[in-house]
Structures are given as structure tokens and as C-alpha cells.
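Containing PDB, C-alpha atoms and all ligand atoms: run-v9.pdb.
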ATOM      1  CA  MET Q   1       2.024 -27.940  13.620
ATOM      2  CA  SER Q   2      -1.363 -27.066  12.224
ATOM      3  CA  SER Q   3      -0.722 -23.331  12.145
ATOM      4  CA  TYR Q   4       2.438 -23.927  10.091
ATOM      5  CA  ALA Q   5       0.541 -26.109   7.645
ATOM      6  CA  SER Q   6      -2.303 -23.634   7.306
ATOM      7  CA  SER Q   7       0.060 -20.696   6.826
ATOM      8  CA  ASN Q   8       1.812 -22.661   4.075
ATOM      9  CA  GLY Q   9      -1.555 -23.232   2.462
ATOM     10  CA  LYS Q  10      -2.252 -19.503   2.693
ATOM     11  CA  VAL Q  11       1.072 -18.667   1.022
ATOM     12  CA  ALA Q  12       0.281 -20.975  -1.903
ATOM     13  CA  LYS Q  13      -3.204 -19.491  -2.181
ATOM     14  CA  ASP Q  14      -1.942 -15.909  -2.091
ATOM     15  CA  LEU Q  15       0.741 -16.654  -4.697
ATOM     16  CA  LYS Q  16      -1.898 -18.104  -6.968
ATOM     17  CA  ALA Q  17      -4.197 -15.096  -6.432
ATOM     18  CA  LEU Q  18      -1.292 -12.791  -7.301
ATOM     19  CA  GLU Q  19      -0.589 -14.634 -10.582
ATOM     20  CA  ARG Q  20      -4.271 -14.568 -11.518
ATOM     21  CA  ARG Q  21      -4.655 -10.881 -10.832
ATOM     22  CA  ALA Q  22      -1.483 -10.095 -12.804
ATOM     23  CA  GLU Q  23      -2.772 -12.104 -15.742
ATOM     24  CA  ALA Q  24      -6.123 -10.296 -15.717
ATOM     25  CA  ILE Q  25      -4.444  -6.880 -15.517
ATOM     26  CA  LEU Q  26      -2.045  -7.662 -18.371
ATOM     27  CA  LYS Q  27      -4.889  -8.789 -20.567
ATOM     28  CA  ALA Q  28      -6.503  -5.368 -20.123
ATOM     29  CA  ARG Q  29      -3.279  -3.304 -19.966
ATOM     30  CA  PRO Q  30      -0.520  -5.165 -21.864
ATOM     31  CA  ALA Q  31       1.764  -2.118 -21.896
ATOM     32  CA  TYR Q  32       2.686  -2.895 -18.297
ATOM     33  CA  ARG Q  33       4.061  -6.374 -19.064
ATOM     34  CA  GLU Q  34       7.765  -5.710 -18.576
ATOM     35  CA  MET Q  35       7.181  -3.854 -15.332
ATOM     36  CA  VAL Q  36       4.769  -6.458 -13.996
ATOM     37  CA  ASP Q  37       7.136  -9.317 -14.866
ATOM     38  CA  PHE Q  38       9.835  -7.760 -12.724
ATOM     39  CA  TYR Q  39       7.654  -6.665  -9.802
ATOM     40  CA  LEU Q  40       5.959 -10.044  -9.584
ATOM     41  CA  THR Q  41       9.314 -11.313  -8.301
ATOM     42  CA  VAL Q  42       9.233  -8.671  -5.564
ATOM     43  CA  PHE Q  43       5.599  -9.375  -4.603
ATOM     44  CA  ARG Q  44       6.155 -13.158  -4.642
ATOM     45  CA  ARG Q  45       9.165 -12.772  -2.379
ATOM     46  CA  GLN Q  46       7.096 -10.677   0.048
ATOM     47  CA  ILE Q  47       4.468 -13.407   0.282
ATOM     48  CA  GLU Q  48       7.012 -16.234   0.537
ATOM     49  CA  TRP Q  49       8.874 -14.444   3.329
ATOM     50  CA  ARG Q  50       5.848 -13.956   5.571
ATOM     51  CA  GLY Q  51       6.729 -17.000   7.669
ATOM     52  CA  LYS Q  52      10.291 -15.710   8.190
ATOM     53  CA  LEU Q  53       9.402 -12.167   9.225
ATOM     54  CA  VAL Q  54       9.866 -11.488  12.913
ATOM     55  CA  VAL Q  55       7.405  -8.996  14.379
ATOM     56  CA  HIS Q  56       6.211  -8.902  17.982
ATOM     57  CA  PRO Q  57       3.561  -6.182  17.920
ATOM     58  CA  GLU Q  58       2.239  -5.061  21.281
ATOM     59  CA  THR Q  59      -0.953  -6.969  22.009
ATOM     60  CA  VAL Q  60      -3.995  -4.780  21.505
ATOM     61  CA  ASP Q  61      -7.466  -5.844  22.564
ATOM     62  CA  LYS Q  62     -10.682  -4.486  21.142
ATOM     63  CA  ASP Q  63     -11.210  -1.901  23.885
ATOM     64  CA  GLN Q  64      -7.646  -0.576  23.683
ATOM     65  CA  ARG Q  65      -7.932  -0.320  19.919
ATOM     66  CA  ARG Q  66     -11.225   1.557  20.132
ATOM     67  CA  HIS Q  67      -9.903   3.891  22.778
ATOM     68  CA  CYS Q  68      -6.913   4.891  20.625
ATOM     69  CA  LEU Q  69      -8.960   5.311  17.426
ATOM     70  CA  ARG Q  70     -11.718   7.255  19.216
ATOM     71  CA  GLU Q  71      -9.126   9.797  20.231
ATOM     72  CA  GLY Q  72      -8.448  10.261  16.528
ATOM     73  CA  LYS Q  73      -5.039   8.593  16.689
ATOM     74  CA  PRO Q  74      -3.822   5.801  14.396
ATOM     75  CA  LEU Q  75      -2.673   2.675  16.264
ATOM     76  CA  ILE Q  76       0.987   3.444  15.529
ATOM     77  CA  ALA Q  77       0.657   6.408  17.919
ATOM     78  CA  CYS Q  78      -0.503   4.215  20.822
ATOM     79  CA  PHE Q  79       1.268   0.867  20.466
ATOM     80  CA  ASP Q  80       4.696  -0.620  19.764
ATOM     81  CA  PRO Q  81       4.947  -2.408  16.386
ATOM     82  CA  GLY Q  82       7.782  -4.634  17.664
ATOM     83  CA  ILE Q  83       9.416  -5.114  14.265
ATOM     84  CA  GLN Q  84      12.739  -6.907  14.803
ATOM     85  CA  LEU Q  85      15.822  -5.306  13.284
ATOM     86  CA  ALA Q  86      17.407  -8.608  12.182
ATOM     87  CA  SER Q  87      14.260  -9.416  10.221
ATOM     88  CA  LEU Q  88      14.338  -6.046   8.432
ATOM     89  CA  LEU Q  89      18.019  -6.495   7.575
ATOM     90  CA  ASP Q  90      17.528 -10.056   6.276
ATOM     91  CA  LEU Q  91      14.807  -8.948   3.887
ATOM     92  CA  TRP Q  92      16.855  -5.855   2.960
ATOM     93  CA  MET Q  93      19.678  -8.156   1.750
ATOM     94  CA  GLU Q  94      17.210 -10.338  -0.087
ATOM     95  CA  MET Q  95      15.443  -7.435  -1.818
ATOM     96  CA  LYS Q  96      18.708  -5.790  -2.829
ATOM     97  CA  ALA Q  97      19.589  -9.051  -4.597
ATOM     98  CA  VAL Q  98      16.179  -9.072  -6.327
ATOM     99  CA  PHE Q  99      16.470  -5.443  -7.474
ATOM    100  CA  ARG Q 100      20.064  -5.972  -8.608
ATOM    101  CA  ARG Q 101      18.726  -8.461 -11.156
ATOM    102  CA  GLY Q 102      16.065  -6.008 -12.395
ATOM    103  CA  ASN Q 103      17.800  -3.807 -14.973
ATOM    104  CA  ASP Q 104      20.932  -1.645 -15.343
ATOM    105  CA  VAL Q 105      19.443   1.322 -13.515
ATOM    106  CA  LEU Q 106      18.383  -0.809 -10.547
ATOM    107  CA  ARG Q 107      21.672  -2.719 -10.476
ATOM    108  CA  GLU Q 108      23.693   0.509 -10.420
ATOM    109  CA  ALA Q 109      21.483   1.922  -7.671
ATOM    110  CA  VAL Q 110      21.945  -1.173  -5.505
ATOM    111  CA  ASP Q 111      25.723  -1.025  -6.128
ATOM    112  CA  GLU Q 112      25.727   2.580  -4.902
ATOM    113  CA  ILE Q 113      23.766   1.601  -1.800
ATOM    114  CA  ASP Q 114      26.233  -1.232  -1.084
ATOM    115  CA  ARG Q 115      29.180   1.127  -1.501
ATOM    116  CA  ALA Q 116      27.658   3.616   0.946
ATOM    117  CA  GLU Q 117      26.982   0.830   3.453
ATOM    118  CA  LYS Q 118      30.613  -0.330   3.232
ATOM    119  CA  THR Q 119      32.074   3.119   3.757
ATOM    120  CA  GLY Q 120      29.647   3.749   6.621
ATOM    121  CA  ASP Q 121      27.974   6.692   4.853
ATOM    122  CA  PHE Q 122      24.668   4.885   5.070
ATOM    123  CA  ASN Q 123      23.530   2.585   7.857
ATOM    124  CA  PRO Q 124      20.298   0.654   7.180
ATOM    125  CA  ALA Q 125      20.365  -0.785  10.732
ATOM    126  CA  SER Q 126      19.491   2.570  12.248
ATOM    127  CA  TRP Q 127      17.508   3.805   9.258
ATOM    128  CA  LEU Q 128      15.086   0.987   8.361
ATOM    129  CA  PRO Q 129      13.385   0.805  11.780
ATOM    130  CA  GLU Q 130      12.658   4.556  11.622
ATOM    131  CA  GLN Q 131      10.618   4.285   8.409
ATOM    132  CA  ARG Q 132       7.110   5.731   8.785
ATOM    133  CA  PRO Q 133       4.648   7.109   6.250
ATOM    134  CA  ASP Q 134       5.166  10.623   7.645
ATOM    135  CA  ARG Q 135       8.971  10.458   7.511
ATOM    136  CA  LEU Q 136       9.549  10.713   3.768
ATOM    137  CA  GLU Q 137      12.538  12.947   4.435
ATOM    138  CA  LEU Q 138      14.441   9.859   5.630
ATOM    139  CA  ILE Q 139      14.324   8.545   2.071
ATOM    140  CA  SER Q 140      15.168  11.818   0.344
ATOM    141  CA  ASP Q 141      18.047  12.608   2.757
ATOM    142  CA  ALA Q 142      19.572   9.132   2.365
ATOM    143  CA  ALA Q 143      19.137   9.207  -1.421
ATOM    144  CA  ARG Q 144      21.067  12.468  -1.561
ATOM    145  CA  GLN Q 145      23.788  11.117   0.713
ATOM    146  CA  ILE Q 146      24.197   7.878  -1.228
ATOM    147  CA  GLY Q 147      23.756   9.504  -4.638
ATOM    148  CA  VAL Q 148      20.863   7.343  -5.839
ATOM    149  CA  ASP Q 149      17.493   8.150  -7.288
ATOM    150  CA  GLU Q 150      15.008   8.855  -4.506
ATOM    151  CA  SER Q 151      12.210   6.829  -6.070
ATOM    152  CA  VAL Q 152      14.451   3.764  -6.501
ATOM    153  CA  LEU Q 153      15.630   3.924  -2.878
ATOM    154  CA  GLY Q 154      12.016   4.424  -1.786
ATOM    155  CA  THR Q 155      10.829   1.406  -3.771
ATOM    156  CA  VAL Q 156      13.543  -0.917  -2.424
ATOM    157  CA  THR Q 157      12.898   0.329   1.112
ATOM    158  CA  ARG Q 158       9.105  -0.064   0.969
ATOM    159  CA  SER Q 159       9.498  -3.561  -0.473
ATOM    160  CA  VAL Q 160      11.192  -4.416   2.845
ATOM    161  CA  THR Q 161       9.069  -2.432   5.296
ATOM    162  CA  PHE Q 162       5.681  -3.224   3.701
ATOM    163  CA  PRO Q 163       5.461  -6.948   4.558
ATOM    164  CA  HIS Q 164       6.616  -6.244   8.126
ATOM    165  CA  TRP Q 165       4.065  -3.475   8.670
ATOM    166  CA  GLU Q 166       1.422  -5.577   6.966
ATOM    167  CA  GLN Q 167       1.841  -8.249   9.662
ATOM    168  CA  VAL Q 168       1.743  -5.632  12.433
ATOM    169  CA  ALA Q 169      -1.427  -4.045  11.038
ATOM    170  CA  LEU Q 170      -3.099  -7.436  10.652
ATOM    171  CA  SER Q 171      -2.345  -8.289  14.256
ATOM    172  CA  TRP Q 172      -3.619  -4.929  15.538
ATOM    173  CA  ILE Q 173      -6.767  -4.661  13.487
ATOM    174  CA  ALA Q 174      -7.696  -8.365  13.290
ATOM    175  CA  GLN Q 175     -11.197  -8.691  11.870
ATOM    176  CA  ASP Q 176     -12.521  -5.440  13.290
ATOM    177  CA  ARG Q 177     -14.676  -3.372  10.930
ATOM    178  CA  LEU Q 178     -13.278  -0.225  12.530
ATOM    179  CA  ASP Q 179     -16.641   1.496  12.713
ATOM    180  CA  GLU Q 180     -15.214   4.220  14.945
ATOM    181  CA  TRP Q 181     -12.727   5.323  12.284
ATOM    182  CA  LYS Q 182     -14.139   7.494   9.489
ATOM    183  CA  ARG Q 183     -10.938   9.316   8.656
ATOM    184  CA  PHE Q 184      -8.950   9.279   5.467
ATOM    185  CA  ARG Q 185      -5.687   8.426   7.256
ATOM    186  CA  CYS Q 186      -4.722   4.783   7.678
ATOM    187  CA  PRO Q 187      -6.021   3.595  11.074
ATOM    188  CA  ALA Q 188      -2.900   1.448  11.575
ATOM    189  CA  CYS Q 189       0.077   3.546  10.397
ATOM    190  CA  GLY Q 190      -1.485   6.984   9.869
ATOM    191  CA  GLY Q 191      -0.346   7.187   6.247
ATOM    192  CA  PRO Q 192      -2.354   8.596   3.340
ATOM    193  CA  PRO Q 193      -4.238   6.123   1.129
ATOM    194  CA  ALA Q 194      -2.979   5.606  -2.410
ATOM    195  CA  LEU Q 195      -5.991   3.907  -3.897
ATOM    196  CA  ALA Q 196      -9.724   3.624  -3.327
ATOM    197  CA  GLU Q 197     -11.899   0.641  -4.054
ATOM    198  CA  ILE Q 198     -15.636   0.678  -4.642
ATOM    199  CA  ARG Q 199     -17.467  -2.365  -3.347
ATOM    200  CA  THR Q 200     -21.152  -2.824  -3.858
ATOM    201  CA  GLU Q 201     -22.718  -4.718  -1.005
ATOM    202  CA  ARG Q 202     -26.048  -6.355  -1.520
ATOM    203  CA  SER Q 203     -28.449  -6.645   1.370
ATOM    204  CA  GLY Q 204     -32.136  -6.918   2.163
ATOM    205  CA  ALA Q 205     -34.539  -9.513   0.814
ATOM    206  CA  GLU Q 206     -32.914 -11.424  -2.074
ATOM    207  CA  GLY Q 207     -30.030  -8.953  -2.055
ATOM    208  CA  LEU Q 208     -32.005  -6.318  -3.942
ATOM    209  CA  THR Q 209     -30.630  -3.358  -2.034
ATOM    210  CA  ALA Q 210     -27.216  -2.409  -3.380
ATOM    211  CA  SER Q 211     -25.159   0.055  -1.412
ATOM    212  CA  PRO Q 212     -21.723   1.178  -2.611
ATOM    213  CA  ARG Q 213     -18.915   1.267  -0.053
ATOM    214  CA  ARG Q 214     -15.677   3.142  -0.556
ATOM    215  CA  VAL Q 215     -12.637   1.372   0.881
ATOM    216  CA  MET Q 216      -9.286   3.148   1.081
ATOM    217  CA  HIS Q 217      -6.012   1.227   0.749
ATOM    218  CA  CYS Q 218      -2.778   2.123   2.483
ATOM    219  CA  PRO Q 219       0.418   1.588   0.458
ATOM    220  CA  PHE Q 220       2.623   1.560   3.587
ATOM    221  CA  CYS Q 221       0.993  -1.285   5.542
ATOM    222  CA  GLY Q 222      -1.707  -2.689   3.267
ATOM    223  CA  THR Q 223      -4.643  -1.865   5.531
ATOM    224  CA  GLY Q 224      -8.020  -1.300   3.872
ATOM    225  CA  TRP Q 225     -10.764   0.658   5.647
ATOM    226  CA  ALA Q 226     -14.184   2.005   4.751
ATOM    227  CA  VAL Q 227     -14.765   5.763   4.510
ATOM    228  CA  PRO Q 228     -17.769   7.942   3.665
ATOM    229  CA  ALA Q 229     -18.456   7.555  -0.050
ATOM    230  CA  LEU Q 230     -19.142  11.175  -0.955
ATOM    231  CA  LYS Q 231     -16.721  13.183   1.124
ATOM    232  CA  CYS Q 232     -13.468  14.628  -0.215
ATOM    233  CA  PRO Q 233     -10.530  12.873   1.492
ATOM    234  CA  ALA Q 234      -8.417  16.035   1.367
ATOM    235  CA  CYS Q 235     -10.708  18.966   2.253
ATOM    236  CA  ASP Q 236     -13.755  17.171   3.760
ATOM    237  CA  SER Q 237     -16.112  18.826   1.283
ATOM    238  CA  THR Q 238     -19.452  17.046   1.040
ATOM    239  CA  ARG Q 239     -21.007  19.443  -1.499
ATOM    240  CA  SER Q 240     -22.466  17.284  -4.233
ATOM    241  CA  GLY Q 241     -21.086  19.503  -7.026
ATOM    242  CA  ASP Q 242     -17.512  18.999  -5.793
ATOM    243  CA  ALA Q 243     -17.273  15.230  -6.241
ATOM    244  CA  LYS Q 244     -16.297  14.617  -9.870
ATOM    245  CA  TYR Q 245     -14.618  11.841 -11.785
ATOM    246  CA  TYR Q 246     -12.843  10.945 -15.013
ATOM    247  CA  TYR Q 247     -13.644   7.691 -16.668
ATOM    248  CA  THR Q 248     -13.006   6.047 -20.030
ATOM    249  CA  ALA Q 249     -15.146   3.343 -21.577
ATOM    250  CA  ASN Q 250     -11.949   1.426 -22.463
ATOM    251  CA  GLU Q 251     -11.214   0.824 -18.815
ATOM    252  CA  PRO Q 252     -14.565   0.297 -17.108
ATOM    253  CA  GLU Q 253     -12.923  -0.920 -13.880
ATOM    254  CA  LEU Q 254     -10.883   2.265 -13.367
ATOM    255  CA  ARG Q 255     -11.781   5.815 -12.449
ATOM    256  CA  ILE Q 256     -10.151   8.963 -11.169
ATOM    257  CA  ASP Q 257     -12.220  10.645  -8.460
ATOM    258  CA  PHE Q 258     -11.390  14.264  -7.832
ATOM    259  CA  CYS Q 259     -12.634  17.230  -5.872
ATOM    260  CA  ARG Q 260     -13.529  20.362  -7.786
ATOM    261  CA  SER Q 261     -12.915  22.469  -4.743
ATOM    262  CA  CYS Q 262      -9.393  21.413  -3.612
ATOM    263  CA  LYS Q 263      -8.236  19.606  -6.811
ATOM    264  CA  HIS Q 264      -7.078  16.438  -5.069
ATOM    265  CA  TYR Q 265      -7.639  13.088  -6.732
ATOM    266  CA  VAL Q 266      -7.620   9.417  -5.885
ATOM    267  CA  LYS Q 267      -7.426   6.441  -8.223
ATOM    268  CA  VAL Q 268     -10.434   4.166  -7.885
ATOM    269  CA  ILE Q 269     -10.929   0.509  -8.738
ATOM    270  CA  ASP Q 270     -14.426  -0.867  -9.091
ATOM    271  CA  ALA Q 271     -14.129  -4.232  -7.343
ATOM    272  CA  GLY Q 272     -17.310  -5.469  -8.984
ATOM    273  CA  LYS Q 273     -15.719  -5.140 -12.434
ATOM    274  CA  ILE Q 274     -12.328  -6.725 -11.878
ATOM    275  CA  GLN Q 275     -11.180 -10.300 -12.171
ATOM    276  CA  GLY Q 276      -9.257 -11.761  -9.285
ATOM    277  CA  ARG Q 277      -8.367 -10.430  -5.870
ATOM    278  CA  LEU Q 278      -7.034  -6.905  -5.575
ATOM    279  CA  HIS Q 279      -3.284  -6.673  -4.816
ATOM    280  CA  ILE Q 280      -2.327  -3.192  -3.678
ATOM    281  CA  GLY Q 281       1.247  -3.221  -5.053
ATOM    282  CA  LEU Q 282       0.189  -4.558  -8.427
ATOM    283  CA  GLU Q 283      -2.751  -2.158  -8.717
ATOM    284  CA  LEU Q 284      -0.594   0.887  -7.949
ATOM    285  CA  LEU Q 285       2.000  -0.177 -10.495
ATOM    286  CA  THR Q 286      -0.500  -0.768 -13.283
ATOM    287  CA  THR Q 287      -2.579   2.375 -12.786
ATOM    288  CA  ALA Q 288       0.363   4.752 -13.247
ATOM    289  CA  HIS Q 289      -1.253   6.089 -16.439
ATOM    290  CA  LEU Q 290      -4.125   7.436 -14.323
ATOM    291  CA  ASP Q 291      -1.644   9.552 -12.363
ATOM    292  CA  ALA Q 292      -0.298  10.947 -15.625
ATOM    293  CA  ILE Q 293      -3.841  11.819 -16.782
ATOM    294  CA  ALA Q 294      -4.792  13.412 -13.455
ATOM    295  CA  GLN Q 295      -1.586  15.401 -13.150
ATOM    296  CA  ASN Q 296      -1.981  16.632 -16.730
ATOM    297  CA  LYS Q 297      -5.265  18.098 -15.567
ATOM    298  CA  SER Q 298      -3.454  19.853 -12.722
ATOM    299  CA  LEU Q 299      -4.826  17.570 -10.023
ATOM    300  CA  THR Q 300      -2.744  16.644  -6.957
ATOM    301  CA  PRO Q 301      -2.472  13.148  -5.467
ATOM    302  CA  LEU Q 302      -3.784  12.662  -1.933
ATOM    303  CA  GLU Q 303      -0.316  11.776  -0.610
ATOM    304  CA  VAL Q 304       0.814  15.311  -1.308
ATOM    305  CA  SER Q 305      -1.875  16.751   0.953
ATOM    306  CA  ALA Q 306      -0.315  14.719   3.779
TER     307      ALA Q 306
HETATM  308 ZN    ZN J 401      -1.162   1.964   6.810
HETATM  309 ZN    ZN J 402     -11.475  18.464  -1.674
END
Can you dump the structure from the file as C-alpha cells?
Ligand SMILES: [Zn+2]
Ligand SMILES: [Zn+2]
Amino acid sequence: MSSYASSNGKVAKDLKALERRAEAILKARPAYREMVDFYLTVFRRQIEWRGKLVVHPETVDKDQRRHCLREGKPLIACFDPGIQLASLLDLWMEMKAVFRRGNDVLREAVDEIDRAEKTGDFNPASWLPEQRPDRLELISDAARQIGVDESVLGTVTRSVTFPHWEQVALSWIAQDRLDEWKRFRCPACGGPPALAEIRTERSGAEGLTASPRRVMHCPFCGTGWAVPALKCPACDSTRSGDAKYYYTANEPELRIDFCRSCKHYVKVIDAGKIQGRLHIGLELLTTAHLDAIAQNKSLTPLEVSA
């Protein structure tokens, strides 16, 4: 039972890393406390449930993976994710219970969802397995039908699909560095990235050569992949005058990168300046003020270019 023991050890380690990262973020950005306190329950549940999730992704070896990616297709286009319906529905029940305890708005939304499920107006059994990053209309159509806020339904839904897709993506990509994939779409699910991370890698004698790497993070499946550092993710511009950024000295670890030509932006975290291990859900939640700043300056998030 060594794999069980080691996966339990990994759960404990990941829970601890989550707490640490949350603490570090709240020290720097205390205004997010109430939100973080609630969403920590969601993120903890996702980690704790990993062992219970049932996914049987199609086995993909290195050559098959390369072949698919070389054709410019994300792995979702070539292979079956094998996510089991019962597993999705179990976590759906669990997450609805978590969100019901959140606040009045969330409780009322979950009550509406339950009502629609009872009357047969909404059927998560046929709807959850269809969720893909490029099928946002599934969420907006269902929200309209049920009569709930689209962003609340989207958040509850992604809290269920994310950990499943995360396991699928991990199995498909394994430890591959994905050198054949230089695109700004997620190599696993094809979705747009929601966050970029700058990592400075030291190499050469005594680590004196520092080269920055830009890693994109997918909010749908959690995959991170390296992309060219100075190319616009939306319009492919590589003109040096186009790559601009906003930055404040108060938040040295955060930045908004934008393109002067197409006006798209991406939120950036400097991994060398943060404490703890990056957690995609937590980072997105606690950088919402950057979206407000960027959108005030008439910039458009990358997702919208999708
Ligand atoms: Zn993805
Ligand atoms: Zn651009």
C-alpha cells in the first residue's frame, strides 16, 4: 500500500503549502481575508478529495503526446479524459454543501440549483461531463434556465471539474517539459491561461547566468507551461515597443503585462518574490484588484480573446 501512503503524505504536504501561501498573501493583501477564508474550504476539499476522484484517462506515451502537440492540437483533441460521471456527481453534491455554507447569496444560488434539479429543468449528469474551456455557453445557458448568477454557477461548477481535469492533465503530461508546445493555449485542455508566472532560472558556472522564463497557468486544469517571454499571447506581436507593464512598488511580486498593439493583458506573479508555493485558485482570487486596474485602463483579459 505504498502508493496510498505516499499519496496521503502528498495531501498533507499540499494542504500545508496551501495554508502557508494563504497566510503570506493575506499578510500582503489583508483586504482579501473574508474571501480567502471561505475559498480555503473549497481548495482544501479539492485536495482532500484527490484520492476519491475517479478518472481513467486514455494512456498517452511520449510519442503520442508529441505527435498530437506537433499538429498544434491540445491533448483534449486527441485523447479521452475518461472522467467518471459518478465521481463528478459526488463532488458536485459535496461542493454544493460547501457553497451553501458560504453566505446568503451562495446559499440562495445553491437552493435555486437544487430546485431546478428536482423539477428536471437542470440535469448535472448530462451537463457536467460536457464542461470544456471553450464551452462557456453551457454555463450561461444553464444559469439563465435556473435563474442564478452566471459567475456563481461557473464557480461552483469549476470547483468540481478542476480537480478532475487536474488529474487527467497530470497523467497526460507527466514530467514532460513540452518543448514542442510554444502556444498560449493550454496544451492539455486548450483553454486560455489566466495567469503568468515569471521564474528566473540560474545556470552556468556558479549559477551566474540568470534567464527569465514565462510560465502560463491554466485555470481549467491547472497545467503550467513555458512560453516565449516577449511575445504577446493574444496577437503574437514581438515588437519590443508593444510589450508594456503596470507595476506598483507596494506589490513588488505582482505586475500586469499588456500589449500596446492589441490591448490584451495578463496578470503576472514574480515567483522569485513570493513566499510559499503558487496555488492557481488562490492567486486568481487575490489578484482581482489587478483586473479592476487593467479594465479601468481599457485593457481586455486574455480569456476574452479566446
Ligand atoms: Zn488546461
Ligand atoms: Zn497583442
Taking into account only C-alpha atoms, which residue in the set Q:Glu197, Q:Ala109, Q:His279, Q:Leu85 is nearest to Leu15 (chain Q)?
Q:His279
Taking the point (-5.9, -6.3, 22.1) as given in the file, collect each protein or nucleic acid residue that comes within 12 Å of it, counting all atoms listed in the file, and present the set as a PDB file with C-alpha atoms, in the coordinates of the input.
ATOM      1  CA  PRO Q  57       3.561  -6.182  17.920  1.00  0.00           C
ATOM      2  CA  GLU Q  58       2.239  -5.061  21.281  1.00  0.00           C
ATOM      3  CA  THR Q  59      -0.953  -6.969  22.009  1.00  0.00           C
ATOM      4  CA  VAL Q  60      -3.995  -4.780  21.505  1.00  0.00           C
ATOM      5  CA  ASP Q  61      -7.466  -5.844  22.564  1.00  0.00           C
ATOM      6  CA  LYS Q  62     -10.682  -4.486  21.142  1.00  0.00           C
ATOM      7  CA  ASP Q  63     -11.210  -1.901  23.885  1.00  0.00           C
ATOM      8  CA  GLN Q  64      -7.646  -0.576  23.683  1.00  0.00           C
ATOM      9  CA  ARG Q  65      -7.932  -0.320  19.919  1.00  0.00           C
ATOM     10  CA  ARG Q  66     -11.225   1.557  20.132  1.00  0.00           C
ATOM     11  CA  HIS Q  67      -9.903   3.891  22.778  1.00  0.00           C
ATOM     12  CA  CYS Q  68      -6.913   4.891  20.625  1.00  0.00           C
ATOM     13  CA  LEU Q  75      -2.673   2.675  16.264  1.00  0.00           C
ATOM     14  CA  CYS Q  78      -0.503   4.215  20.822  1.00  0.00           C
ATOM     15  CA  PHE Q  79       1.268   0.867  20.466  1.00  0.00           C
ATOM     16  CA  LEU Q 170      -3.099  -7.436  10.652  1.00  0.00           C
ATOM     17  CA  SER Q 171      -2.345  -8.289  14.256  1.00  0.00           C
ATOM     18  CA  TRP Q 172      -3.619  -4.929  15.538  1.00  0.00           C
ATOM     19  CA  ILE Q 173      -6.767  -4.661  13.487  1.00  0.00           C
ATOM     20  CA  ALA Q 174      -7.696  -8.365  13.290  1.00  0.00           C
ATOM     21  CA  GLN Q 175     -11.197  -8.691  11.870  1.00  0.00           C
ATOM     22  CA  ASP Q 176     -12.521  -5.440  13.290  1.00  0.00           C
TER      23      ASP Q 176
END
Please identify all protein, DNA and RNA residues within 7 Å of ligand ZN 402 (chain J), counting only C-alpha atoms and all ligand atoms, and report them as an MDAnalysis selection string.
chainID Q and resid 232:237 259:264
Hey, can you spit out that residue selection with C-alpha atoms as a PDB file, in the coordinates of the input?
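And here's out22.pdb as it stands now:
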ATOM      1  CA  CYS Q 232     -13.468  14.628  -0.215  1.00  0.00           C
ATOM      2  CA  PRO Q 233     -10.530  12.873   1.492  1.00  0.00           C
ATOM      3  CA  ALA Q 234      -8.417  16.035   1.367  1.00  0.00           C
ATOM      4  CA  CYS Q 235     -10.708  18.966   2.253  1.00  0.00           C
ATOM      5  CA  ASP Q 236     -13.755  17.171   3.760  1.00  0.00           C
ATOM      6  CA  SER Q 237     -16.112  18.826   1.283  1.00  0.00           C
ATOM      7  CA  CYS Q 259     -12.634  17.230  -5.872  1.00  0.00           C
ATOM      8  CA  ARG Q 260     -13.529  20.362  -7.786  1.00  0.00           C
ATOM      9  CA  SER Q 261     -12.915  22.469  -4.743  1.00  0.00           C
ATOM     10  CA  CYS Q 262      -9.393  21.413  -3.612  1.00  0.00           C
ATOM     11  CA  LYS Q 263      -8.236  19.606  -6.811  1.00  0.00           C
ATOM     12  CA  HIS Q 264      -7.078  16.438  -5.069  1.00  0.00           C
TER      13      HIS Q 264
END
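Straight-line separation from CA of Gly82 (chain Q) to CA of Glu150 (chain Q): 26.9 Å.
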What residues have any atom no more than 8 Å from ligand ZN 401 (chain J) when counting only C-alpha atoms and all ligand atoms, and can you list them as an MDAnalysis selection string?
chainID Q and resid 133 165:166 169 185:193 217:223
For the selection you just gave me, I'd like the residues written to a file as a compact mmCIF listing (two decimals), in the coordinates of the input, keeping C-alpha atoms.
# COMPACT_ATOMS: atom_id res chain seq x y z
CA PRO Q 133 4.65 7.11 6.25
CA TRP Q 165 4.07 -3.48 8.67
CA GLU Q 166 1.42 -5.58 6.97
CA ALA Q 169 -1.43 -4.04 11.04
CA ARG Q 185 -5.69 8.43 7.26
CA CYS Q 186 -4.72 4.78 7.68
CA PRO Q 187 -6.02 3.60 11.07
CA ALA Q 188 -2.90 1.45 11.58
CA CYS Q 189 0.08 3.55 10.40
CA GLY Q 190 -1.48 6.98 9.87
CA GLY Q 191 -0.35 7.19 6.25
CA PRO Q 192 -2.35 8.60 3.34
CA PRO Q 193 -4.24 6.12 1.13
CA HIS Q 217 -6.01 1.23 0.75
CA CYS Q 218 -2.78 2.12 2.48
CA PRO Q 219 0.42 1.59 0.46
CA PHE Q 220 2.62 1.56 3.59
CA CYS Q 221 0.99 -1.28 5.54
CA GLY Q 222 -1.71 -2.69 3.27
CA THR Q 223 -4.64 -1.86 5.53
Name all residues at most 10 Å from region 140-143 of chain Q (count all atoms listed in the file; drop same-chain ones fewer than 4 positions away) and give them as a list in words.
Ala109, Glu112, Ile113, Ala116, Asp121, Phe122, Asn123, Pro124, Trp127, Arg135, Leu136, Gly147, Val148, Asp149, Glu150, Ser151, Val152, Leu153 and Gly154 of chain Q
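We find CA of Ala210 (chain Q) and CA of Glu180 (chain Q) to be spaced 22.9 Å apart.
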Can you pull out every residue within 8 Å of Asp257 (chain Q), counting all atoms listed in the file, but drop anything in the same chain fewer than 5 positions away, and send it as a list of chain:residue names?
Q:Ala243, Q:Lys244, Q:Tyr245, Q:Tyr246, Q:Tyr265, Q:Val266, Q:Lys267, Q:Val268
Output of the PyMOL selection byres (((chain Q and resi 285) around 12) and not hetatm), listed as number ranges by chain:
Q: 22, 25-26, 29, 31-40, 43, 155, 194-195, 219, 267, 279-284, 286-291
In Å, how far is it from CA of Ala226 (chain Q) to CA of Ile198 (chain Q)?
9.6 Å
Could you tell me, as an NGL selection string, exactly which residues end up selected when the PyMOL selection byres (((chain Q and resi 42) around 12) and not hetatm) is applied to this structure?
:Q and (15 or 18 or 35-41 or 43-49 or 91-92 or 94-102 or 155-160 or 162-163 or 281-282)
Proximity to Phe258 (chain Q) - best of Q:Val227, Q:Leu278, Q:Val110, Q:Ala294, all atoms listed in the file:
Q:Ala294
How would region 164-168 of chain Q look with N, CA and C atoms restored, written as a tab-separated table (two decimals), keeping the file's coordinate frame?
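Heads up, here's the output in out18.tsv:
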chain	number	residue	atom	x	y	z
Q	164	HIS	N	6.53	-6.30	6.66
Q	164	HIS	CA	6.62	-6.24	8.13
Q	164	HIS	C	5.42	-5.48	8.71
Q	165	TRP	N	5.18	-4.29	8.17
Q	165	TRP	CA	4.07	-3.48	8.67
Q	165	TRP	C	2.72	-4.12	8.40
Q	166	GLU	N	2.67	-4.88	7.30
Q	166	GLU	CA	1.42	-5.58	6.97
Q	166	GLU	C	1.07	-6.56	8.09
Q	167	GLN	N	2.09	-7.29	8.58
Q	167	GLN	CA	1.84	-8.25	9.66
Q	167	GLN	C	1.43	-7.53	10.95
Q	168	VAL	N	2.08	-6.40	11.23
Q	168	VAL	CA	1.74	-5.63	12.43
Q	168	VAL	C	0.29	-5.16	12.35
